[in-house]
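Chemist: Below you'll find work.cif; it's mmCIF, C-alpha atoms.
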data_query
loop_
_atom_site.group_PDB
_atom_site.id
_atom_site.type_symbol
_atom_site.label_atom_id
_atom_site.label_comp_id
_atom_site.auth_asym_id
_atom_site.auth_seq_id
_atom_site.Cartn_x
_atom_site.Cartn_y
_atom_site.Cartn_z
ATOM 1 C CA MET A 86 -7.067 68.119 -79.869
ATOM 2 C CA GLY A 87 -3.352 68.260 -80.696
ATOM 3 C CA ASP A 88 -1.280 65.180 -80.189
ATOM 4 C CA LYS A 89 2.208 66.539 -80.562
ATOM 5 C CA THR A 90 4.842 66.295 -77.887
ATOM 6 C CA LEU A 91 7.114 69.268 -77.475
ATOM 7 C CA THR A 92 10.561 68.948 -75.944
ATOM 8 C CA ARG A 93 13.396 71.187 -74.784
ATOM 9 C CA MET A 94 14.266 71.621 -78.452
ATOM 10 C CA ASP A 95 10.945 73.318 -79.184
ATOM 11 C CA LEU A 96 11.363 75.620 -76.195
ATOM 12 C CA SER A 97 14.864 76.631 -77.235
ATOM 13 C CA GLU A 98 13.631 77.138 -80.788
ATOM 14 C CA ALA A 99 10.999 79.555 -79.406
ATOM 15 C CA VAL A 100 13.691 81.419 -77.440
ATOM 16 C CA PHE A 101 15.881 81.492 -80.551
ATOM 17 C CA ARG A 102 13.056 83.034 -82.612
ATOM 18 C CA GLU A 103 12.050 85.494 -79.899
ATOM 19 C CA VAL A 104 15.423 86.876 -78.858
ATOM 20 C CA GLY A 105 17.775 86.011 -81.703
ATOM 21 C CA LEU A 106 20.543 84.391 -79.658
ATOM 22 C CA SER A 107 22.338 81.399 -81.137
ATOM 23 C CA ARG A 108 20.514 78.067 -81.018
ATOM 24 C CA ASN A 109 23.196 76.801 -78.703
ATOM 25 C CA GLU A 110 22.841 79.624 -76.223
ATOM 26 C CA SER A 111 19.040 79.419 -76.391
ATOM 27 C CA ALA A 112 19.247 75.749 -75.433
ATOM 28 C CA GLU A 113 21.588 76.549 -72.542
ATOM 29 C CA LEU A 114 19.191 79.178 -71.220
ATOM 30 C CA VAL A 115 16.234 76.773 -71.299
ATOM 31 C CA GLU A 116 18.378 74.297 -69.376
ATOM 32 C CA ALA A 117 19.416 76.981 -66.872
ATOM 33 C CA VAL A 118 15.781 77.879 -66.183
ATOM 34 C CA LEU A 119 14.842 74.242 -65.508
ATOM 35 C CA GLN A 120 17.975 73.774 -63.408
ATOM 36 C CA HIS A 121 17.263 76.792 -61.176
ATOM 37 C CA MET A 122 13.675 75.704 -60.684
ATOM 38 C CA SER A 123 14.761 72.160 -59.808
ATOM 39 C CA ASP A 124 17.440 73.386 -57.392
ATOM 40 C CA ALA A 125 14.977 75.621 -55.550
ATOM 41 C CA LEU A 126 12.484 72.750 -55.258
ATOM 42 C CA VAL A 127 15.156 70.344 -53.995
ATOM 43 C CA GLU A 128 15.944 72.958 -51.315
ATOM 44 C CA GLY A 129 12.280 72.704 -50.330
ATOM 45 C CA GLU A 130 11.381 76.103 -51.751
ATOM 46 C CA GLN A 131 8.129 76.816 -53.531
ATOM 47 C CA VAL A 132 8.457 78.030 -57.123
ATOM 48 C CA LYS A 133 5.758 80.500 -57.986
ATOM 49 C CA ILE A 134 5.519 81.679 -61.590
ATOM 50 C CA SER A 135 2.805 84.299 -61.854
ATOM 51 C CA SER A 136 0.162 83.601 -64.522
ATOM 52 C CA PHE A 137 1.715 80.132 -65.055
ATOM 53 C CA GLY A 138 1.434 78.188 -61.820
ATOM 54 C CA THR A 139 3.019 77.136 -58.539
ATOM 55 C CA PHE A 140 5.263 74.160 -57.897
ATOM 56 C CA SER A 141 5.399 73.038 -54.280
ATOM 57 C CA VAL A 142 7.060 70.228 -52.392
ATOM 58 C CA ARG A 143 4.948 68.185 -50.019
ATOM 59 C CA GLU A 144 6.096 65.751 -47.362
ATOM 60 C CA LYS A 145 4.311 62.420 -47.449
ATOM 61 C CA ALA A 146 4.258 60.292 -44.311
ATOM 62 C CA ALA A 147 5.269 56.638 -44.330
ATOM 63 C CA ARG A 148 2.425 54.213 -44.967
ATOM 64 C CA VAL A 149 1.783 50.590 -45.709
ATOM 65 C CA GLY A 150 1.124 50.013 -49.369
ATOM 66 C CA ARG A 151 0.103 46.930 -51.220
ATOM 67 C CA ASN A 152 1.429 45.355 -54.362
ATOM 68 C CA PRO A 153 -1.735 45.391 -56.466
ATOM 69 C CA LYS A 154 -0.671 42.292 -58.363
ATOM 70 C CA THR A 155 0.266 40.012 -55.470
ATOM 71 C CA GLY A 156 -1.692 41.645 -52.652
ATOM 72 C CA GLU A 157 1.500 41.654 -50.626
ATOM 73 C CA GLU A 158 1.975 44.467 -48.076
ATOM 74 C CA VAL A 159 4.993 46.684 -48.654
ATOM 75 C CA PRO A 160 6.195 49.543 -46.469
ATOM 76 C CA ILE A 161 6.323 52.914 -48.287
ATOM 77 C CA GLN A 162 9.011 55.187 -46.876
ATOM 78 C CA PRO A 163 8.266 58.837 -46.053
ATOM 79 C CA ARG A 164 9.050 60.874 -49.165
ATOM 80 C CA ARG A 165 8.819 64.290 -50.722
ATOM 81 C CA VAL A 166 6.596 64.798 -53.745
ATOM 82 C CA LEU A 167 6.203 67.711 -56.106
ATOM 83 C CA THR A 168 2.812 69.139 -56.943
ATOM 84 C CA PHE A 169 1.948 71.685 -59.600
ATOM 85 C CA ARG A 170 -1.016 73.982 -59.229
ATOM 86 C CA PRO A 171 -1.819 75.751 -62.505
ATOM 87 C CA SER A 172 -2.767 79.433 -62.359
ATOM 88 C CA HIS A 173 -6.284 80.530 -63.220
ATOM 89 C CA LEU A 174 -4.975 82.034 -66.430
ATOM 90 C CA MET A 175 -3.436 78.723 -67.510
ATOM 91 C CA LYS A 176 -6.564 76.773 -66.576
ATOM 92 C CA ASP A 177 -8.730 79.182 -68.547
ATOM 93 C CA ARG A 178 -6.471 79.082 -71.598
ATOM 94 C CA VAL A 179 -6.223 75.280 -71.573
ATOM 95 C CA ALA A 180 -9.989 74.921 -71.109
ATOM 96 C CA ALA A 181 -10.771 77.435 -73.880
ATOM 97 C CA GLY A 182 -8.212 76.011 -76.302
ATOM 98 C CA ASN A 183 -9.475 72.430 -75.990
ATOM 99 C CA LYS A 184 -13.178 73.131 -76.084
ATOM 100 C CA SER A 185 -14.897 70.702 -78.448
ATOM 101 C CA MET B 907 11.275 81.539 -55.640
ATOM 102 C CA ILE B 908 9.134 83.751 -57.835
ATOM 103 C CA ARG B 909 9.392 84.652 -61.525
ATOM 104 C CA SER B 910 11.434 87.825 -60.914
ATOM 105 C CA GLU B 911 13.953 85.927 -58.764
ATOM 106 C CA LEU B 912 14.349 83.299 -61.464
ATOM 107 C CA ILE B 913 14.942 86.065 -64.017
ATOM 108 C CA GLN B 914 17.511 87.658 -61.712
ATOM 109 C CA LYS B 915 19.458 84.395 -61.312
ATOM 110 C CA ILE B 916 19.640 83.944 -65.083
ATOM 111 C CA ALA B 917 20.613 87.606 -65.539
ATOM 112 C CA ASP B 918 23.419 87.280 -62.952
ATOM 113 C CA GLU B 919 24.843 84.277 -64.803
ATOM 114 C CA ASN B 920 24.652 86.038 -68.166
ATOM 115 C CA PRO B 921 26.066 89.547 -67.722
ATOM 116 C CA HIS B 922 26.337 89.890 -71.518
ATOM 117 C CA LEU B 923 22.524 89.832 -71.879
ATOM 118 C CA TYR B 924 20.202 92.760 -71.292
ATOM 119 C CA GLN B 925 17.848 92.310 -68.364
ATOM 120 C CA ARG B 926 14.866 92.852 -70.647
ATOM 121 C CA ASP B 927 16.055 90.079 -72.969
ATOM 122 C CA VAL B 928 16.387 87.705 -70.020
ATOM 123 C CA GLU B 929 12.812 88.591 -69.097
ATOM 124 C CA ARG B 930 11.683 87.827 -72.632
ATOM 125 C CA ILE B 931 13.563 84.519 -72.613
ATOM 126 C CA VAL B 932 12.028 83.322 -69.351
ATOM 127 C CA ASN B 933 8.555 84.541 -70.323
ATOM 128 C CA THR B 934 8.821 82.851 -73.734
ATOM 129 C CA ILE B 935 9.567 79.495 -72.114
ATOM 130 C CA PHE B 936 6.474 79.575 -69.894
ATOM 131 C CA GLU B 937 4.323 81.069 -72.636
ATOM 132 C CA GLU B 938 5.369 78.299 -75.038
ATOM 133 C CA ILE B 939 4.380 75.600 -72.516
ATOM 134 C CA THR B 940 0.970 77.192 -71.920
ATOM 135 C CA ASN B 941 0.387 77.630 -75.680
ATOM 136 C CA ALA B 942 1.229 73.981 -76.304
ATOM 137 C CA MET B 943 -1.288 72.830 -73.698
ATOM 138 C CA ALA B 944 -3.917 75.217 -75.069
ATOM 139 C CA ARG B 945 -3.503 73.354 -78.396
ATOM 140 C CA GLY B 946 -3.838 70.033 -76.573
ATOM 141 C CA ASP B 947 -0.144 69.198 -76.981
ATOM 142 C CA ARG B 948 2.179 67.714 -74.373
ATOM 143 C CA VAL B 949 5.484 69.185 -73.246
ATOM 144 C CA GLU B 950 8.005 66.625 -72.087
ATOM 145 C CA LEU B 951 11.056 67.942 -70.293
ATOM 146 C CA ARG B 952 13.162 64.887 -69.464
ATOM 147 C CA GLY B 953 14.472 64.900 -65.919
ATOM 148 C CA PHE B 954 12.172 67.757 -64.907
ATOM 149 C CA GLY B 955 8.672 66.596 -65.768
ATOM 150 C CA ALA B 956 5.900 66.552 -68.345
ATOM 151 C CA PHE B 957 2.980 68.925 -68.856
ATOM 152 C CA SER B 958 -0.114 67.430 -70.429
ATOM 153 C CA VAL B 959 -3.839 68.042 -70.737
ATOM 154 C CA LYS B 960 -6.379 65.809 -69.051
ATOM 155 C CA LYS B 961 -10.013 65.548 -69.977
ATOM 156 C CA ARG B 962 -12.612 65.819 -67.244
ATOM 157 C CA ASP B 963 -15.935 64.275 -68.264
ATOM 158 C CA ALA B 964 -19.183 66.176 -67.983
ATOM 159 C CA ARG B 965 -20.907 65.509 -64.665
ATOM 160 C CA VAL B 966 -23.785 66.613 -62.533
ATOM 161 C CA GLY B 967 -22.367 68.758 -59.781
ATOM 162 C CA ARG B 968 -23.953 70.443 -56.835
ATOM 163 C CA ASN B 969 -23.975 74.021 -55.701
ATOM 164 C CA PRO B 970 -22.450 73.549 -52.239
ATOM 165 C CA ARG B 971 -24.394 76.483 -50.822
ATOM 166 C CA THR B 972 -27.881 75.675 -52.060
ATOM 167 C CA GLY B 973 -27.571 71.958 -52.790
ATOM 168 C CA ASP B 974 -29.046 72.492 -56.266
ATOM 169 C CA SER B 975 -27.731 70.160 -58.930
ATOM 170 C CA VAL B 976 -25.965 71.801 -61.850
ATOM 171 C CA GLU B 977 -24.718 70.403 -65.154
ATOM 172 C CA VAL B 978 -20.928 70.696 -65.334
ATOM 173 C CA GLU B 979 -19.654 70.554 -68.917
ATOM 174 C CA GLU B 980 -16.764 68.400 -70.072
ATOM 175 C CA LYS B 981 -13.513 70.312 -69.707
ATOM 176 C CA HIS B 982 -9.775 70.038 -70.133
ATOM 177 C CA VAL B 983 -7.326 70.764 -67.343
ATOM 178 C CA PRO B 984 -3.536 71.171 -67.210
ATOM 179 C CA PHE B 985 -1.579 68.367 -65.544
ATOM 180 C CA PHE B 986 2.060 68.017 -64.487
ATOM 181 C CA LYS B 987 3.910 64.799 -63.751
ATOM 182 C CA THR B 988 7.298 65.082 -62.072
ATOM 183 C CA GLY B 989 10.233 63.549 -63.935
ATOM 184 C CA LYS B 990 12.188 60.670 -62.464
ATOM 185 C CA LEU B 991 15.427 62.576 -61.974
ATOM 186 C CA LEU B 992 13.756 65.429 -60.095
ATOM 187 C CA ARG B 993 11.656 63.009 -58.042
ATOM 188 C CA ASP B 994 14.830 61.181 -57.035
ATOM 189 C CA ARG B 995 16.654 64.428 -56.252
ATOM 190 C CA LEU B 996 13.779 65.548 -54.009
ATOM 191 C CA ASN B 997 14.381 62.393 -52.010
ATOM 192 C CA GLY B 998 18.123 62.778 -51.783
ATOM 193 C CA LYS B 999 19.012 60.099 -54.343
#
Could you quickly redo this structure as structure tokens?
Modeler:
Amino acid sequence: MGDKTLTRMDLSEAVFREVGLSRNESAELVEAVLQHMSDALVEGEQVKISSFGTFSVREKAARVGRNPKTGEEVPIQPRRVLTFRPSHLMKDRVAAGNKS
Amino acid sequence: MIRSELIQKIADENPHLYQRDVERIVNTIFEEITNAMARGDRVELRGFGAFSVKKRDARVGRNPRTGDSVEVEEKHVPFFKTGKLLRDRLNGK
């Protein structure tokens, strides 16, 4: 199994190789894609990328939590969380690629 | 928002690019993330989130219809953890 961590730089490098824009512009486009996805999610929209996966925002109700170290009860405010559901294609490719 | 709407937004902001190049750019980004995970690599996008691969151990499962037990092999599944900045933005911080 690989143990590398890719970053924005690797994604912009891939865009640079694929389309032949400048490295600078490739980096800006990667940033723009992440920015548009984030903005849509913050607006409460679902982001559905076919054959990749779906990002959705879920509302979590307030609850009483507990500090696991001290056992102390702490109120947890209602909040919005993001969930990612990978597409079948992604699941299949990740499962096949990491098969031992 | 779906893939084609994302492509359209990027195309609108970059009138000097051909639509088909914008499509290739957006597709390359998602393809690169999937390829990385298929190799077992992580993709960390600060502020947005991190994609990684989690191992699910082999287990004995059950066919929910018949109740028969079935061996489920070990497998690897994609996982996403939201970045701090985006998590804070979702909650108006």
Chemist: Within 8 Å of (15.0, 86.8, -66.0) (file coordinates; only C-alpha atoms), which protein or nucleic acid residues are there? I'd like them as a PyMOL selection string.
Modeler: chain B and resi 909-917+925-932
Chemist: To test your reading of the syntax: which residues would the PyMOL selection byres ((chain B and resi 966-982) around 9) return for the file shown? Reply as a list in words.
Modeler: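 This file gives the following for the PyMOL selection byres ((chain B and resi 966-982) around 9): Lys176, Val179, Ala180, Ala181, Gly182, Asn183, Lys184 and Ser185 of chain A; Gly946, Val959, Lys960, Lys961, Arg962, Asp963, Ala964, Arg965, Val983 and Pro984 of chain B.
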Chemist: Take atom CA of Asn933 of chain B and atom CA of Glu919 of chain B and report the distance between them in Å, one decimal.
Modeler: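 Going from atom CA of Asn933 of chain B over to atom CA of Glu919 of chain B covers 17.2 Å.
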Chemist: What are the closest atom pairs, with distances in Å to one decimal, for each residue of chain A lying within 9 Å of chain B, using only C-alpha atoms, rows by chain and rising residue number, as a tab-separated table?
Modeler:
residue	atom	partner	partner_atom	distance
A:Met86	CA	B:Gly946	CA	5.0
A:Gly87	CA	B:Gly946	CA	4.5
A:Asp88	CA	B:Asp947	CA	5.3
A:Lys89	CA	B:Asp947	CA	5.0
A:Thr90	CA	B:Arg948	CA	4.6
A:Leu91	CA	B:Val949	CA	4.5
A:Thr92	CA	B:Glu950	CA	5.2
A:Arg93	CA	B:Leu951	CA	6.0
A:Asp95	CA	B:Glu938	CA	8.5
A:Leu96	CA	B:Ile935	CA	5.9
A:Ser97	CA	B:Ile935	CA	7.9
A:Ala99	CA	B:Thr934	CA	6.9
A:Val100	CA	B:Ile931	CA	5.7
A:Phe101	CA	B:Ile931	CA	8.8
A:Glu103	CA	B:Thr934	CA	7.4
A:Val104	CA	B:Asp927	CA	6.7
A:Ser111	CA	B:Ile931	CA	8.4
A:Leu114	CA	B:Ile916	CA	7.8
A:Val115	CA	B:Ile935	CA	7.2
A:Ala117	CA	B:Ile916	CA	7.2
A:Val118	CA	B:Ile916	CA	7.3
A:Leu119	CA	B:Phe954	CA	7.0
A:Gln120	CA	B:Phe954	CA	8.5
A:His121	CA	B:Leu912	CA	7.1
A:Met122	CA	B:Leu912	CA	7.7
A:Ser123	CA	B:Leu992	CA	6.8
A:Ala125	CA	B:Met907	CA	7.0
A:Leu126	CA	B:Leu996	CA	7.4
A:Val127	CA	B:Leu996	CA	5.0
A:Glu128	CA	B:Leu996	CA	8.2
A:Gly129	CA	B:Leu996	CA	8.2
A:Glu130	CA	B:Met907	CA	6.7
A:Gln131	CA	B:Met907	CA	6.1
A:Val132	CA	B:Met907	CA	4.7
A:Lys133	CA	B:Ile908	CA	4.7
A:Ile134	CA	B:Arg909	CA	4.9
A:Ser135	CA	B:Arg909	CA	6.6
A:Phe137	CA	B:Phe936	CA	6.8
A:Val142	CA	B:Leu996	CA	8.3
A:Arg164	CA	B:Asn997	CA	6.2
A:Arg165	CA	B:Asn997	CA	6.0
A:Val166	CA	B:Arg993	CA	6.9
A:Leu167	CA	B:Thr988	CA	6.6
A:Thr168	CA	B:Phe986	CA	7.7
A:Phe169	CA	B:Phe986	CA	6.1
A:Arg170	CA	B:Phe985	CA	8.5
A:Pro171	CA	B:Pro984	CA	6.8
A:Met175	CA	B:Thr940	CA	6.4
A:Lys176	CA	B:Val983	CA	6.1
A:Asp177	CA	B:Val983	CA	8.6
A:Arg178	CA	B:Ala944	CA	5.8
A:Val179	CA	B:Ala944	CA	4.2
A:Ala180	CA	B:His982	CA	5.0
A:Ala181	CA	B:Ala944	CA	7.3
A:Gly182	CA	B:Ala944	CA	4.5
A:Asn183	CA	B:Gly946	CA	6.2
A:Lys184	CA	B:Lys981	CA	7.0
A:Ser185	CA	B:Lys981	CA	8.9
Chemist: Please write the residues from the selection above to a file, keeping C-alpha atoms, as a PDB file, in the frame of the given file.
Modeler:
ATOM      1  CA  MET A  86      -7.067  68.119 -79.869  1.00  0.00           C
ATOM      2  CA  GLY A  87      -3.352  68.260 -80.696  1.00  0.00           C
ATOM      3  CA  ASP A  88      -1.280  65.180 -80.189  1.00  0.00           C
ATOM      4  CA  LYS A  89       2.208  66.539 -80.562  1.00  0.00           C
ATOM      5  CA  THR A  90       4.842  66.295 -77.887  1.00  0.00           C
ATOM      6  CA  LEU A  91       7.114  69.268 -77.475  1.00  0.00           C
ATOM      7  CA  THR A  92      10.561  68.948 -75.944  1.00  0.00           C
ATOM      8  CA  ARG A  93      13.396  71.187 -74.784  1.00  0.00           C
ATOM      9  CA  ASP A  95      10.945  73.318 -79.184  1.00  0.00           C
ATOM     10  CA  LEU A  96      11.363  75.620 -76.195  1.00  0.00           C
ATOM     11  CA  SER A  97      14.864  76.631 -77.235  1.00  0.00           C
ATOM     12  CA  ALA A  99      10.999  79.555 -79.406  1.00  0.00           C
ATOM     13  CA  VAL A 100      13.691  81.419 -77.440  1.00  0.00           C
ATOM     14  CA  PHE A 101      15.881  81.492 -80.551  1.00  0.00           C
ATOM     15  CA  GLU A 103      12.050  85.494 -79.899  1.00  0.00           C
ATOM     16  CA  VAL A 104      15.423  86.876 -78.858  1.00  0.00           C
ATOM     17  CA  SER A 111      19.040  79.419 -76.391  1.00  0.00           C
ATOM     18  CA  LEU A 114      19.191  79.178 -71.220  1.00  0.00           C
ATOM     19  CA  VAL A 115      16.234  76.773 -71.299  1.00  0.00           C
ATOM     20  CA  ALA A 117      19.416  76.981 -66.872  1.00  0.00           C
ATOM     21  CA  VAL A 118      15.781  77.879 -66.183  1.00  0.00           C
ATOM     22  CA  LEU A 119      14.842  74.242 -65.508  1.00  0.00           C
ATOM     23  CA  GLN A 120      17.975  73.774 -63.408  1.00  0.00           C
ATOM     24  CA  HIS A 121      17.263  76.792 -61.176  1.00  0.00           C
ATOM     25  CA  MET A 122      13.675  75.704 -60.684  1.00  0.00           C
ATOM     26  CA  SER A 123      14.761  72.160 -59.808  1.00  0.00           C
ATOM     27  CA  ALA A 125      14.977  75.621 -55.550  1.00  0.00           C
ATOM     28  CA  LEU A 126      12.484  72.750 -55.258  1.00  0.00           C
ATOM     29  CA  VAL A 127      15.156  70.344 -53.995  1.00  0.00           C
ATOM     30  CA  GLU A 128      15.944  72.958 -51.315  1.00  0.00           C
ATOM     31  CA  GLY A 129      12.280  72.704 -50.330  1.00  0.00           C
ATOM     32  CA  GLU A 130      11.381  76.103 -51.751  1.00  0.00           C
ATOM     33  CA  GLN A 131       8.129  76.816 -53.531  1.00  0.00           C
ATOM     34  CA  VAL A 132       8.457  78.030 -57.123  1.00  0.00           C
ATOM     35  CA  LYS A 133       5.758  80.500 -57.986  1.00  0.00           C
ATOM     36  CA  ILE A 134       5.519  81.679 -61.590  1.00  0.00           C
ATOM     37  CA  SER A 135       2.805  84.299 -61.854  1.00  0.00           C
ATOM     38  CA  PHE A 137       1.715  80.132 -65.055  1.00  0.00           C
ATOM     39  CA  VAL A 142       7.060  70.228 -52.392  1.00  0.00           C
ATOM     40  CA  ARG A 164       9.050  60.874 -49.165  1.00  0.00           C
ATOM     41  CA  ARG A 165       8.819  64.290 -50.722  1.00  0.00           C
ATOM     42  CA  VAL A 166       6.596  64.798 -53.745  1.00  0.00           C
ATOM     43  CA  LEU A 167       6.203  67.711 -56.106  1.00  0.00           C
ATOM     44  CA  THR A 168       2.812  69.139 -56.943  1.00  0.00           C
ATOM     45  CA  PHE A 169       1.948  71.685 -59.600  1.00  0.00           C
ATOM     46  CA  ARG A 170      -1.016  73.982 -59.229  1.00  0.00           C
ATOM     47  CA  PRO A 171      -1.819  75.751 -62.505  1.00  0.00           C
ATOM     48  CA  MET A 175      -3.436  78.723 -67.510  1.00  0.00           C
ATOM     49  CA  LYS A 176      -6.564  76.773 -66.576  1.00  0.00           C
ATOM     50  CA  ASP A 177      -8.730  79.182 -68.547  1.00  0.00           C
ATOM     51  CA  ARG A 178      -6.471  79.082 -71.598  1.00  0.00           C
ATOM     52  CA  VAL A 179      -6.223  75.280 -71.573  1.00  0.00           C
ATOM     53  CA  ALA A 180      -9.989  74.921 -71.109  1.00  0.00           C
ATOM     54  CA  ALA A 181     -10.771  77.435 -73.880  1.00  0.00           C
ATOM     55  CA  GLY A 182      -8.212  76.011 -76.302  1.00  0.00           C
ATOM     56  CA  ASN A 183      -9.475  72.430 -75.990  1.00  0.00           C
ATOM     57  CA  LYS A 184     -13.178  73.131 -76.084  1.00  0.00           C
ATOM     58  CA  SER A 185     -14.897  70.702 -78.448  1.00  0.00           C
TER      59      SER A 185
END
Chemist: Which residues are close to Arg151 of chain A, i.e. within 12 Å by all atoms listed in the file, leaving aside same-chain residues fewer than 5 positions away? Reply as a VMD selection string.
Modeler: chain A and resid 156 to 161
Chemist: Enter the distance from atom CA of Lys990 of chain B to atom CA of Ala112 of chain A, in Å, rounded to one decimal.
Modeler: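 These atoms are spaced 21.1 Å apart.
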Chemist: For a test of reading the model, state the distance in Å between atom CA of Met94 of chain A and atom CA of His922 of chain B, rounded to one decimal.
Modeler: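 Atom CA of Met94 of chain A sits 23.0 Å away from atom CA of His922 of chain B.
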